[in-house]
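Text of the file target-v1.pdb, holding PDB, C-alpha atoms:
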```
ATOM      1  CA  MET A   9      99.268 125.491  89.333
ATOM      2  CA  SER A  10     101.223 127.262  86.674
ATOM      3  CA  GLU A  11     103.130 125.207  84.134
ATOM      4  CA  ILE A  12     102.357 121.494  84.424
ATOM      5  CA  LYS A  13     105.429 119.250  84.157
ATOM      6  CA  ILE A  14     104.938 115.740  82.861
ATOM      7  CA  LEU A  15     107.631 113.091  83.102
ATOM      8  CA  ILE A  16     107.405 110.521  80.307
ATOM      9  CA  VAL A  17     109.253 107.297  81.137
ATOM     10  CA  ASP A  18     109.450 104.873  78.216
ATOM     11  CA  ASP A  19     112.278 102.916  76.604
ATOM     12  CA  SER A  20     110.726 103.542  73.170
ATOM     13  CA  ALA A  21     111.933 106.804  71.617
ATOM     14  CA  THR A  22     108.982 106.601  69.208
ATOM     15  CA  LYS A  23     106.403 106.498  72.001
ATOM     16  CA  ARG A  24     108.169 109.258  73.932
ATOM     17  CA  ALA A  25     108.102 111.434  70.797
ATOM     18  CA  LEU A  26     104.408 110.636  70.223
ATOM     19  CA  TYR A  27     103.422 111.543  73.797
ATOM     20  CA  ASN A  28     105.765 114.519  73.849
ATOM     21  CA  GLY A  29     104.289 116.031  70.666
ATOM     22  CA  MET A  30     100.697 115.556  71.784
ATOM     23  CA  LEU A  31     101.275 116.942  75.275
ATOM     24  CA  GLU A  32     103.484 119.885  74.283
ATOM     25  CA  ARG A  33     100.734 121.035  71.883
ATOM     26  CA  GLU A  34      98.475 121.210  74.938
ATOM     27  CA  GLY A  35     100.970 123.427  76.754
ATOM     28  CA  TYR A  36     102.543 120.896  79.100
ATOM     29  CA  LYS A  37     106.282 120.959  79.861
ATOM     30  CA  ILE A  38     107.775 117.546  79.080
ATOM     31  CA  ILE A  39     110.655 115.759  80.771
ATOM     32  CA  GLU A  40     111.797 112.414  79.353
ATOM     33  CA  ALA A  41     113.478 109.322  80.759
ATOM     34  CA  HIS A  42     114.406 106.205  78.775
ATOM     35  CA  ASP A  43     114.154 103.603  81.574
ATOM     36  CA  GLY A  44     112.766 103.126  85.061
ATOM     37  CA  GLU A  45     116.025 103.944  86.816
ATOM     38  CA  GLU A  46     116.329 107.291  85.033
ATOM     39  CA  GLY A  47     112.607 107.880  85.594
ATOM     40  CA  LEU A  48     112.995 107.360  89.341
ATOM     41  CA  ASN A  49     115.933 109.783  89.460
ATOM     42  CA  LYS A  50     114.112 112.427  87.418
ATOM     43  CA  SER A  51     110.981 112.054  89.541
ATOM     44  CA  ARG A  52     113.131 113.109  92.491
ATOM     45  CA  THR A  53     115.125 115.886  90.827
ATOM     46  CA  GLU A  54     112.557 117.406  88.458
ATOM     47  CA  SER A  55     109.449 117.280  90.705
ATOM     48  CA  PRO A  56     106.976 116.465  87.927
ATOM     49  CA  ASP A  57     103.258 117.031  88.396
ATOM     50  CA  ILE A  58     102.337 113.841  86.525
ATOM     51  CA  ILE A  59     104.234 110.759  85.356
ATOM     52  CA  ILE A  60     103.388 108.660  82.319
ATOM     53  CA  ALA A  61     105.267 105.384  82.613
ATOM     54  CA  ASP A  62     105.687 102.305  80.466
ATOM     55  CA  LEU A  63     105.697  99.089  82.467
ATOM     56  CA  ALA A  64     108.058  96.946  80.363
ATOM     57  CA  MET A  65     111.445  98.693  80.521
ATOM     58  CA  PRO A  66     115.083  97.705  81.002
ATOM     59  CA  LYS A  67     117.130  98.187  84.210
ATOM     60  CA  MET A  68     114.088  98.894  86.386
ATOM     61  CA  ASP A  69     110.614  98.075  85.106
ATOM     62  CA  GLY A  70     107.631 100.368  85.560
ATOM     63  CA  PHE A  71     106.222  98.365  88.473
ATOM     64  CA  GLN A  72     109.473  98.743  90.430
ATOM     65  CA  MET A  73     109.838 102.412  89.520
ATOM     66  CA  ILE A  74     106.278 103.282  90.564
ATOM     67  CA  THR A  75     106.645 101.408  93.852
ATOM     68  CA  ALA A  76     109.879 103.298  94.599
ATOM     69  CA  ILE A  77     108.358 106.679  93.674
ATOM     70  CA  LYS A  78     105.315 106.089  95.866
ATOM     71  CA  LYS A  79     107.589 105.291  98.839
ATOM     72  CA  ASP A  80     109.054 108.809  98.674
ATOM     73  CA  GLU A  81     107.159 111.460 100.631
ATOM     74  CA  LYS A  82     106.952 113.775  97.598
ATOM     75  CA  GLY A  83     106.280 110.900  95.219
ATOM     76  CA  LYS A  84     103.107 109.861  97.032
ATOM     77  CA  MET A  85     101.397 112.940  95.629
ATOM     78  CA  ILE A  86     102.415 112.509  91.991
ATOM     79  CA  PRO A  87      99.662 110.916  89.890
ATOM     80  CA  ILE A  88     101.053 108.166  87.658
ATOM     81  CA  ILE A  89      99.523 106.845  84.446
ATOM     82  CA  CYS A  90     100.800 103.414  83.421
ATOM     83  CA  VAL A  91     101.000 102.781  79.689
ATOM     84  CA  SER A  92     101.513  99.310  78.313
ATOM     85  CA  ALA A  93     101.269  97.442  75.057
ATOM     86  CA  THR A  94     102.841  94.362  76.672
ATOM     87  CA  TYR A  95     100.728  93.950  79.796
ATOM     88  CA  LYS A  96      97.092  93.693  78.754
ATOM     89  CA  ASP A  97      95.817  91.280  81.390
ATOM     90  CA  ILE A  98      93.757  92.316  84.393
ATOM     91  CA  GLU A  99      96.374  90.956  86.836
ATOM     92  CA  SER A 100      99.019  93.355  85.494
ATOM     93  CA  LYS A 101      96.576  96.225  85.623
ATOM     94  CA  MET A 102      95.716  95.430  89.249
ATOM     95  CA  LYS A 103      99.405  95.035  90.114
ATOM     96  CA  ALA A 104     100.156  98.494  88.683
ATOM     97  CA  LEU A 105      97.167 100.195  90.270
ATOM     98  CA  ILE A 106      96.879  98.449  93.623
ATOM     99  CA  GLU A 107     100.296  97.032  94.497
ATOM    100  CA  ALA A 108     102.582  99.623  92.873
ATOM    101  CA  GLY A 109     100.266 102.577  93.507
ATOM    102  CA  ALA A 110      99.584 104.091  90.076
ATOM    103  CA  GLU A 111      96.421 106.138  89.624
ATOM    104  CA  GLU A 112      95.520 105.186  86.050
ATOM    105  CA  PHE A 113      96.226 102.568  83.373
ATOM    106  CA  PHE A 114      96.269 103.048  79.602
ATOM    107  CA  TYR A 115      96.490 100.169  77.138
ATOM    108  CA  MET A 116      98.463 100.880  73.965
ATOM    109  CA  PRO A 117      97.490 101.139  71.192
ATOM    110  CA  GLU A 118      94.110 102.496  72.211
ATOM    111  CA  ASN A 119      92.914 105.864  70.976
ATOM    112  CA  ILE A 120      95.842 108.134  71.851
ATOM    113  CA  SER A 121      93.484 111.053  72.514
ATOM    114  CA  GLU A 122      92.149 109.045  75.464
ATOM    115  CA  LEU A 123      95.589 109.394  77.027
ATOM    116  CA  LEU A 124      95.204 113.167  76.817
ATOM    117  CA  VAL A 125      91.884 112.923  78.673
ATOM    118  CA  LYS A 126      93.538 110.774  81.356
ATOM    119  CA  VAL A 127      96.288 113.400  81.690
ATOM    120  CA  GLN A 128      93.694 116.148  82.120
ATOM    121  CA  VAL A 129      92.005 114.138  84.883
ATOM    122  CA  MET A 130      95.386 113.588  86.568
ATOM    123  CA  VAL A 131      96.048 117.353  86.389
ATOM    124  CA  ARG A 132      92.843 117.885  88.368
ATOM    125  CA  ILE A 133      93.870 115.189  90.850
ATOM    126  CA  ARG A 134      97.322 116.772  91.240
ATOM    127  CA  LYS A 135      95.703 120.164  91.843
ATOM    128  CA  ILE A 136      93.523 118.620  94.573
ATOM    129  CA  TYR A 137      96.597 116.913  96.123
ATOM    130  CA  MET A 138      98.439 120.228  96.188
ATOM    131  CA  GLU A 139      95.467 122.080  97.692
ATOM    132  CA  LEU A 140      95.125 119.394 100.371
ATOM    133  CA  MET A 141      98.817 119.635 101.187
ATOM    134  CA  GLU A 142      98.535 123.422 101.511
ATOM    135  CA  LYS A 143      95.433 123.156 103.718
ATOM    136  CA  ASN A 144      97.210 120.540 105.827
ATOM    137  CA  LYS A 145     100.182 122.887 106.243
ATOM    138  CA  GLN A 146      97.838 125.690 107.314
ATOM    139  CA  LEU A 147      96.065 123.358 109.722
ATOM    140  CA  GLN A 148      99.376 122.307 111.274
ATOM    141  CA  ILE A 149     100.317 125.976 111.777
ATOM    142  CA  PHE A 150      96.910 126.665 113.326
ATOM    143  CA  ASN A 151      97.189 123.611 115.596
ATOM    144  CA  LYS A 152     100.675 124.591 116.736
ATOM    145  CA  SER A 153      99.424 128.095 117.483
ATOM    146  CA  ALA A 154      96.454 126.710 119.440
ATOM    147  CA  VAL A 155      98.708 124.369 121.423
ATOM    148  CA  ASP A 156     101.127 127.230 122.152
ATOM    149  CA  ARG A 157      98.225 129.391 123.368
ATOM    150  CA  GLU A 158      96.920 126.575 125.540
ATOM    151  CA  LEU A 159     100.359 126.022 127.076
ATOM    152  CA  LYS A 160     100.635 129.750 127.749
ATOM    153  CA  MET A 161      97.199 129.673 129.422
ATOM    154  CA  VAL A 162      98.249 126.758 131.636
ATOM    155  CA  GLU A 163     101.411 128.660 132.545
ATOM    156  CA  LEU A 164      99.418 131.819 133.358
ATOM    157  CA  LYS A 165      96.884 129.857 135.431
ATOM    158  CA  GLU A 166      99.749 128.346 137.398
ATOM    159  CA  LYS A 167     101.197 131.821 138.017
ATOM    160  CA  VAL A 168      97.765 133.097 139.131
ATOM    161  CA  ARG A 169      97.373 130.146 141.511
ATOM    162  CA  SER A 170     100.843 130.743 142.885
ATOM    163  CA  LEU A 171     100.116 134.454 143.388
ATOM    164  CA  GLU A 172      96.794 133.684 145.099
ATOM    165  CA  GLU A 173      98.592 131.374 147.530
ATOM    166  CA  GLU A 174     101.198 134.044 148.193
ATOM    167  CA  ILE A 175      98.443 136.617 148.830
ATOM    168  CA  LYS A 176      96.754 134.211 151.282
ATOM    169  CA  ARG A 177     100.055 133.772 153.167
ATOM    170  CA  TYR A 178     100.609 137.501 153.216
ATOM    171  CA  LYS A 179      97.134 138.178 154.652
ATOM    172  CA  ARG A 180      97.720 135.808 157.583
TER     173      ARG A 180
END
```
Would you mind giving the structure from this file in structure tokens?
Amino acid sequence: MSEIKILIVDDSATKRALYNGMLEREGYKIIEAHDGEEGLNKSRTESPDIIIADLAMPKMDGFQMITAIKKDEKGKMIPIICVSATYKDIESKMKALIEAGAEEFFYMPENISELLVKVQVMVRIRKIYMELMEKNKQLQIFNKSAVDRELKMVELKEKVRSLEEEIKRYKR
């Protein structure tokens, strides 16, 4: 993977600037969205490698946005880190991770450098997703080729059988 694109979805300009500064210093390309609706749209148009999403946002909250992203074929393979200062209970964490489909959860205001570590782990996960998708594509091509060869063999066997019957008739 060349340049890693990270979509930051948070209604707080301060938090977006904090994450943006930290992640740009590490060489990541940053895309920003100020609410869940814009985040959903940018996840579709910008094809980010990772999404960092607040859960408490206007228009469309993080839970709804993540659920919608994970329903998209391309969105299934985008690791999402939920960030929340509002939702600190285990039920919200489980809802984000299990029901909505996020891969990681980060409580604010924990040590912000921990978020960087979580991003690095998600980069590895994204790389594995992409490798699996490529291997799957190759496997599908191989399978199609094998099926085509098998069909050709069946067709040739049928022609051979037909010719053998014709030869038998001719010999009589």
* Which residue gives the smallest distance to Ile14 of chain A among A:Ser121, A:Gln128, A:Thr75, A:Gln146, with only C-alpha atoms counted? -> A:Gln128
* To do: Name all residues at most 7 Å from Val17 of chain A (count all atoms listed in the file; drop same-chain ones fewer than 3 positions away) and give them as a PyMOL selection string.
  => chain A and resi 40-44+47+60-62
Give me a file of those residues, with C-alpha atoms, as an mmCIF file, in the coordinates of the input.
```cif
data_model
loop_
_atom_site.group_PDB
_atom_site.id
_atom_site.type_symbol
_atom_site.label_atom_id
_atom_site.label_comp_id
_atom_site.auth_asym_id
_atom_site.auth_seq_id
_atom_site.Cartn_x
_atom_site.Cartn_y
_atom_site.Cartn_z
ATOM 1 C CA GLU A 40 111.797 112.414 79.353
ATOM 2 C CA ALA A 41 113.478 109.322 80.759
ATOM 3 C CA HIS A 42 114.406 106.205 78.775
ATOM 4 C CA ASP A 43 114.154 103.603 81.574
ATOM 5 C CA GLY A 44 112.766 103.126 85.061
ATOM 6 C CA GLY A 47 112.607 107.880 85.594
ATOM 7 C CA ILE A 60 103.388 108.660 82.319
ATOM 8 C CA ALA A 61 105.267 105.384 82.613
ATOM 9 C CA ASP A 62 105.687 102.305 80.466
#
```
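What the PyMOL selection byres ((chain A and resi 76) around 12) picks from this file is Gly44, Glu45, Gly47, Leu48, Asn49, Ser51, Arg52, Met68, Asp69, Gly70, Phe71, Gln72, Met73, Ile74, Thr75, Ile77, Lys78, Lys79, Asp80, Glu81, Lys82, Gly83, Lys84, Glu107, Ala108, Gly109 and Ala110 of chain A.
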Kindly save the residues from that selection, with C-alpha atoms included, as a PDB file, in the coordinates of the input.
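As a result, out27.pdb now contains:
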```
ATOM      1  CA  GLY A  44     112.766 103.126  85.061  1.00  0.00           C
ATOM      2  CA  GLU A  45     116.025 103.944  86.816  1.00  0.00           C
ATOM      3  CA  GLY A  47     112.607 107.880  85.594  1.00  0.00           C
ATOM      4  CA  LEU A  48     112.995 107.360  89.341  1.00  0.00           C
ATOM      5  CA  ASN A  49     115.933 109.783  89.460  1.00  0.00           C
ATOM      6  CA  SER A  51     110.981 112.054  89.541  1.00  0.00           C
ATOM      7  CA  ARG A  52     113.131 113.109  92.491  1.00  0.00           C
ATOM      8  CA  MET A  68     114.088  98.894  86.386  1.00  0.00           C
ATOM      9  CA  ASP A  69     110.614  98.075  85.106  1.00  0.00           C
ATOM     10  CA  GLY A  70     107.631 100.368  85.560  1.00  0.00           C
ATOM     11  CA  PHE A  71     106.222  98.365  88.473  1.00  0.00           C
ATOM     12  CA  GLN A  72     109.473  98.743  90.430  1.00  0.00           C
ATOM     13  CA  MET A  73     109.838 102.412  89.520  1.00  0.00           C
ATOM     14  CA  ILE A  74     106.278 103.282  90.564  1.00  0.00           C
ATOM     15  CA  THR A  75     106.645 101.408  93.852  1.00  0.00           C
ATOM     16  CA  ILE A  77     108.358 106.679  93.674  1.00  0.00           C
ATOM     17  CA  LYS A  78     105.315 106.089  95.866  1.00  0.00           C
ATOM     18  CA  LYS A  79     107.589 105.291  98.839  1.00  0.00           C
ATOM     19  CA  ASP A  80     109.054 108.809  98.674  1.00  0.00           C
ATOM     20  CA  GLU A  81     107.159 111.460 100.631  1.00  0.00           C
ATOM     21  CA  LYS A  82     106.952 113.775  97.598  1.00  0.00           C
ATOM     22  CA  GLY A  83     106.280 110.900  95.219  1.00  0.00           C
ATOM     23  CA  LYS A  84     103.107 109.861  97.032  1.00  0.00           C
ATOM     24  CA  GLU A 107     100.296  97.032  94.497  1.00  0.00           C
ATOM     25  CA  ALA A 108     102.582  99.623  92.873  1.00  0.00           C
ATOM     26  CA  GLY A 109     100.266 102.577  93.507  1.00  0.00           C
ATOM     27  CA  ALA A 110      99.584 104.091  90.076  1.00  0.00           C
TER      28      ALA A 110
END
```
* Check which residues satisfy the PyMOL selection byres ((chain A and resi 138) around 12) in the file shown, then give them as JSON, numbers by chain. => {"A": [9, 57, 82, 84, 85, 86, 87, 131, 132, 133, 134, 135, 136, 137, 139, 140, 141, 142, 143, 144, 145]}
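For the choices A:Val162, A:Pro66, A:Lys101, A:Leu123, the atom-to-atom distance to Met30 of chain A is smallest for A:Leu123 when using only C-alpha atoms.
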* Determine, counting only C-alpha atoms, which protein, DNA and RNA residues have an atom within 12 Å of an atom of Lys126 of chain A; residues of the same chain fewer than 4 positions away are not included. Present the result as a ChimeraX atom specification. => /A:31,58-60,87-91,111-115,119-122,130-133
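Restricting the calculation to only C-alpha atoms, the smallest distance between Glu34 of chain A and any of A:Glu172, A:Asp18, A:Glu99, A:Glu11 is found for A:Glu11.
Counting all atoms listed in the file, the residue from A:Lys13, A:Lys152, A:Lys103, A:Lys160 that sits nearest to Tyr36 of chain A is A:Lys13.
Remark: for Ser20 of chain A, the closest of the candidate residues A:Leu63, A:Ile106, A:Met161, A:Arg33 is A:Leu63 (distances computed over all atoms listed in the file).
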* To do: Have a look at atom CA of Leu124 of chain A and atom CA of Thr94 of chain A and let me know their distance in Å, one decimal.
  => 20.3 Å
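Using all atoms listed in the file, the shortest contact distance between Ile16 of chain A and any of A:Gly35, A:Glu46, A:Leu147, A:Ala93 is found at A:Glu46.
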Give the padded box for segment 36-43 of chain A as JSON: axis-aligned, covering all atoms listed in the file, 5 Å on each side, centre and edge lengths in Å to one decimal.
```
{"center_x": 108.5, "center_y": 112.3, "center_z": 80.2, "size_x": 21.9, "size_y": 27.4, "size_z": 12.8}
```
* Asked: Any idea what the distance is between atom CA of Lys96 of chain A and atom CA of Met65 of chain A?
  -> 15.3 Å
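You will find atom CA of Ala104 of chain A at 17.3 Å from atom CA of Leu15 of chain A.
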Show me that you can extract segment 15-58 of chain A, keeping N, CA and C atoms, and write it as a PDB file, in the first residue's frame.
```
ATOM      1  N   LEU A  15      -9.781   8.791   6.913  1.00  0.00           N
ATOM      2  CA  LEU A  15     -10.930   9.689   7.012  1.00  0.00           C
ATOM      3  C   LEU A  15     -11.231   9.913   8.486  1.00  0.00           C
ATOM      4  N   ILE A  16     -11.193  11.176   8.901  1.00  0.00           N
ATOM      5  CA  ILE A  16     -11.523  11.551  10.275  1.00  0.00           C
ATOM      6  C   ILE A  16     -12.925  12.149  10.250  1.00  0.00           C
ATOM      7  N   VAL A  17     -13.840  11.539  10.994  1.00  0.00           N
ATOM      8  CA  VAL A  17     -15.224  12.006  11.044  1.00  0.00           C
ATOM      9  C   VAL A  17     -15.525  12.418  12.479  1.00  0.00           C
ATOM     10  N   ASP A  18     -15.631  13.719  12.701  1.00  0.00           N
ATOM     11  CA  ASP A  18     -15.880  14.246  14.045  1.00  0.00           C
ATOM     12  C   ASP A  18     -16.493  15.633  13.914  1.00  0.00           C
ATOM     13  N   ASP A  19     -17.518  15.920  14.710  1.00  0.00           N
ATOM     14  CA  ASP A  19     -18.140  17.236  14.654  1.00  0.00           C
ATOM     15  C   ASP A  19     -17.311  18.296  15.380  1.00  0.00           C
ATOM     16  N   SER A  20     -16.282  17.898  16.092  1.00  0.00           N
ATOM     17  CA  SER A  20     -15.409  18.838  16.792  1.00  0.00           C
ATOM     18  C   SER A  20     -14.204  19.196  15.920  1.00  0.00           C
ATOM     19  N   ALA A  21     -14.129  20.462  15.519  1.00  0.00           N
ATOM     20  CA  ALA A  21     -12.996  20.929  14.715  1.00  0.00           C
ATOM     21  C   ALA A  21     -11.692  20.784  15.498  1.00  0.00           C
ATOM     22  N   THR A  22     -11.755  20.939  16.809  1.00  0.00           N
ATOM     23  CA  THR A  22     -10.564  20.809  17.653  1.00  0.00           C
ATOM     24  C   THR A  22     -10.012  19.386  17.605  1.00  0.00           C
ATOM     25  N   LYS A  23     -10.894  18.407  17.755  1.00  0.00           N
ATOM     26  CA  LYS A  23     -10.449  17.008  17.709  1.00  0.00           C
ATOM     27  C   LYS A  23      -9.930  16.642  16.317  1.00  0.00           C
ATOM     28  N   ARG A  24     -10.634  17.106  15.284  1.00  0.00           N
ATOM     29  CA  ARG A  24     -10.170  16.814  13.920  1.00  0.00           C
ATOM     30  C   ARG A  24      -8.767  17.379  13.715  1.00  0.00           C
ATOM     31  N   ALA A  25      -8.537  18.598  14.202  1.00  0.00           N
ATOM     32  CA  ALA A  25      -7.213  19.223  14.060  1.00  0.00           C
ATOM     33  C   ALA A  25      -6.160  18.454  14.855  1.00  0.00           C
ATOM     34  N   LEU A  26      -6.519  17.991  16.042  1.00  0.00           N
ATOM     35  CA  LEU A  26      -5.598  17.207  16.877  1.00  0.00           C
ATOM     36  C   LEU A  26      -5.197  15.915  16.168  1.00  0.00           C
ATOM     37  N   TYR A  27      -6.191  15.160  15.697  1.00  0.00           N
ATOM     38  CA  TYR A  27      -5.914  13.900  15.000  1.00  0.00           C
ATOM     39  C   TYR A  27      -5.146  14.158  13.706  1.00  0.00           C
ATOM     40  N   ASN A  28      -5.610  15.164  12.976  1.00  0.00           N
ATOM     41  CA  ASN A  28      -4.990  15.511  11.699  1.00  0.00           C
ATOM     42  C   ASN A  28      -3.497  15.796  11.875  1.00  0.00           C
ATOM     43  N   GLY A  29      -3.158  16.657  12.833  1.00  0.00           N
ATOM     44  CA  GLY A  29      -1.754  17.008  13.070  1.00  0.00           C
ATOM     45  C   GLY A  29      -0.911  15.802  13.418  1.00  0.00           C
ATOM     46  N   MET A  30      -1.408  14.976  14.321  1.00  0.00           N
ATOM     47  CA  MET A  30      -0.669  13.794  14.764  1.00  0.00           C
ATOM     48  C   MET A  30      -0.461  12.814  13.604  1.00  0.00           C
ATOM     49  N   LEU A  31      -1.492  12.595  12.822  1.00  0.00           N
ATOM     50  CA  LEU A  31      -1.428  11.591  11.762  1.00  0.00           C
ATOM     51  C   LEU A  31      -0.664  12.084  10.535  1.00  0.00           C
ATOM     52  N   GLU A  32      -0.785  13.357  10.202  1.00  0.00           N
ATOM     53  CA  GLU A  32      -0.017  13.902   9.080  1.00  0.00           C
ATOM     54  C   GLU A  32       1.485  13.830   9.364  1.00  0.00           C
ATOM     55  N   ARG A  33       1.877  14.064  10.626  1.00  0.00           N
ATOM     56  CA  ARG A  33       3.300  13.959  10.989  1.00  0.00           C
ATOM     57  C   ARG A  33       3.837  12.554  10.736  1.00  0.00           C
ATOM     58  N   GLU A  34       2.946  11.577  10.788  1.00  0.00           N
ATOM     59  CA  GLU A  34       3.340  10.181  10.553  1.00  0.00           C
ATOM     60  C   GLU A  34       3.284   9.810   9.073  1.00  0.00           C
ATOM     61  N   GLY A  35       2.885  10.768   8.240  1.00  0.00           N
ATOM     62  CA  GLY A  35       2.881  10.530   6.797  1.00  0.00           C
ATOM     63  C   GLY A  35       1.563  10.078   6.199  1.00  0.00           C
ATOM     64  N   TYR A  36       0.499  10.102   6.993  1.00  0.00           N
ATOM     65  CA  TYR A  36      -0.804   9.689   6.483  1.00  0.00           C
ATOM     66  C   TYR A  36      -1.480  10.861   5.771  1.00  0.00           C
ATOM     67  N   LYS A  37      -2.255  10.548   4.723  1.00  0.00           N
ATOM     68  CA  LYS A  37      -3.062  11.564   4.044  1.00  0.00           C
ATOM     69  C   LYS A  37      -4.395  11.628   4.773  1.00  0.00           C
ATOM     70  N   ILE A  38      -4.824  12.825   5.134  1.00  0.00           N
ATOM     71  CA  ILE A  38      -6.035  12.997   5.941  1.00  0.00           C
ATOM     72  C   ILE A  38      -7.172  13.599   5.120  1.00  0.00           C
ATOM     73  N   ILE A  39      -8.344  13.018   5.312  1.00  0.00           N
ATOM     74  CA  ILE A  39      -9.589  13.533   4.749  1.00  0.00           C
ATOM     75  C   ILE A  39     -10.486  13.796   5.961  1.00  0.00           C
ATOM     76  N   GLU A  40     -11.221  14.891   5.957  1.00  0.00           N
ATOM     77  CA  GLU A  40     -12.059  15.220   7.109  1.00  0.00           C
ATOM     78  C   GLU A  40     -13.529  15.314   6.733  1.00  0.00           C
ATOM     79  N   ALA A  41     -14.372  14.962   7.702  1.00  0.00           N
ATOM     80  CA  ALA A  41     -15.817  15.137   7.588  1.00  0.00           C
ATOM     81  C   ALA A  41     -16.321  15.617   8.941  1.00  0.00           C
ATOM     82  N   HIS A  42     -17.309  16.509   8.938  1.00  0.00           N
ATOM     83  CA  HIS A  42     -17.766  17.119  10.193  1.00  0.00           C
ATOM     84  C   HIS A  42     -19.022  16.474  10.784  1.00  0.00           C
ATOM     85  N   ASP A  43     -19.597  15.486  10.101  1.00  0.00           N
ATOM     86  CA  ASP A  43     -20.726  14.738  10.683  1.00  0.00           C
ATOM     87  C   ASP A  43     -20.823  13.377   9.996  1.00  0.00           C
ATOM     88  N   GLY A  44     -21.695  12.534  10.517  1.00  0.00           N
ATOM     89  CA  GLY A  44     -21.809  11.179  10.002  1.00  0.00           C
ATOM     90  C   GLY A  44     -22.278  11.101   8.561  1.00  0.00           C
ATOM     91  N   GLU A  45     -23.172  11.998   8.179  1.00  0.00           N
ATOM     92  CA  GLU A  45     -23.676  12.019   6.811  1.00  0.00           C
ATOM     93  C   GLU A  45     -22.544  12.312   5.821  1.00  0.00           C
ATOM     94  N   GLU A  46     -21.763  13.346   6.133  1.00  0.00           N
ATOM     95  CA  GLU A  46     -20.624  13.696   5.280  1.00  0.00           C
ATOM     96  C   GLU A  46     -19.577  12.575   5.316  1.00  0.00           C
ATOM     97  N   GLY A  47     -19.395  11.970   6.476  1.00  0.00           N
ATOM     98  CA  GLY A  47     -18.453  10.860   6.604  1.00  0.00           C
ATOM     99  C   GLY A  47     -18.840   9.680   5.725  1.00  0.00           C
ATOM    100  N   LEU A  48     -20.123   9.357   5.709  1.00  0.00           N
ATOM    101  CA  LEU A  48     -20.620   8.264   4.865  1.00  0.00           C
ATOM    102  C   LEU A  48     -20.347   8.573   3.398  1.00  0.00           C
ATOM    103  N   ASN A  49     -20.675   9.798   2.977  1.00  0.00           N
ATOM    104  CA  ASN A  49     -20.448  10.192   1.584  1.00  0.00           C
ATOM    105  C   ASN A  49     -18.967  10.137   1.221  1.00  0.00           C
ATOM    106  N   LYS A  50     -18.116  10.654   2.097  1.00  0.00           N
ATOM    107  CA  LYS A  50     -16.676  10.646   1.801  1.00  0.00           C
ATOM    108  C   LYS A  50     -16.092   9.242   1.853  1.00  0.00           C
ATOM    109  N   SER A  51     -16.675   8.366   2.658  1.00  0.00           N
ATOM    110  CA  SER A  51     -16.184   6.979   2.674  1.00  0.00           C
ATOM    111  C   SER A  51     -16.420   6.330   1.314  1.00  0.00           C
ATOM    112  N   ARG A  52     -17.462   6.762   0.638  1.00  0.00           N
ATOM    113  CA  ARG A  52     -17.792   6.200  -0.679  1.00  0.00           C
ATOM    114  C   ARG A  52     -17.002   6.860  -1.805  1.00  0.00           C
ATOM    115  N   THR A  53     -16.776   8.158  -1.699  1.00  0.00           N
ATOM    116  CA  THR A  53     -16.107   8.872  -2.795  1.00  0.00           C
ATOM    117  C   THR A  53     -14.587   8.902  -2.672  1.00  0.00           C
ATOM    118  N   GLU A  54     -14.067   8.890  -1.465  1.00  0.00           N
ATOM    119  CA  GLU A  54     -12.628   9.039  -1.251  1.00  0.00           C
ATOM    120  C   GLU A  54     -11.886   7.714  -1.067  1.00  0.00           C
ATOM    121  N   SER A  55     -12.609   6.634  -0.850  1.00  0.00           N
ATOM    122  CA  SER A  55     -12.019   5.303  -0.620  1.00  0.00           C
ATOM    123  C   SER A  55     -10.883   5.332   0.406  1.00  0.00           C
ATOM    124  N   PRO A  56     -11.199   5.717   1.640  1.00  0.00           N
ATOM    125  CA  PRO A  56     -10.135   5.751   2.659  1.00  0.00           C
ATOM    126  C   PRO A  56      -9.682   4.345   3.035  1.00  0.00           C
ATOM    127  N   ASP A  57      -8.473   4.264   3.574  1.00  0.00           N
ATOM    128  CA  ASP A  57      -7.944   2.985   4.043  1.00  0.00           C
ATOM    129  C   ASP A  57      -8.393   2.704   5.471  1.00  0.00           C
ATOM    130  N   ILE A  58      -8.593   3.774   6.234  1.00  0.00           N
ATOM    131  CA  ILE A  58      -9.013   3.669   7.637  1.00  0.00           C
ATOM    132  C   ILE A  58      -9.958   4.829   7.924  1.00  0.00           C
TER     133      ILE A  58
END
```
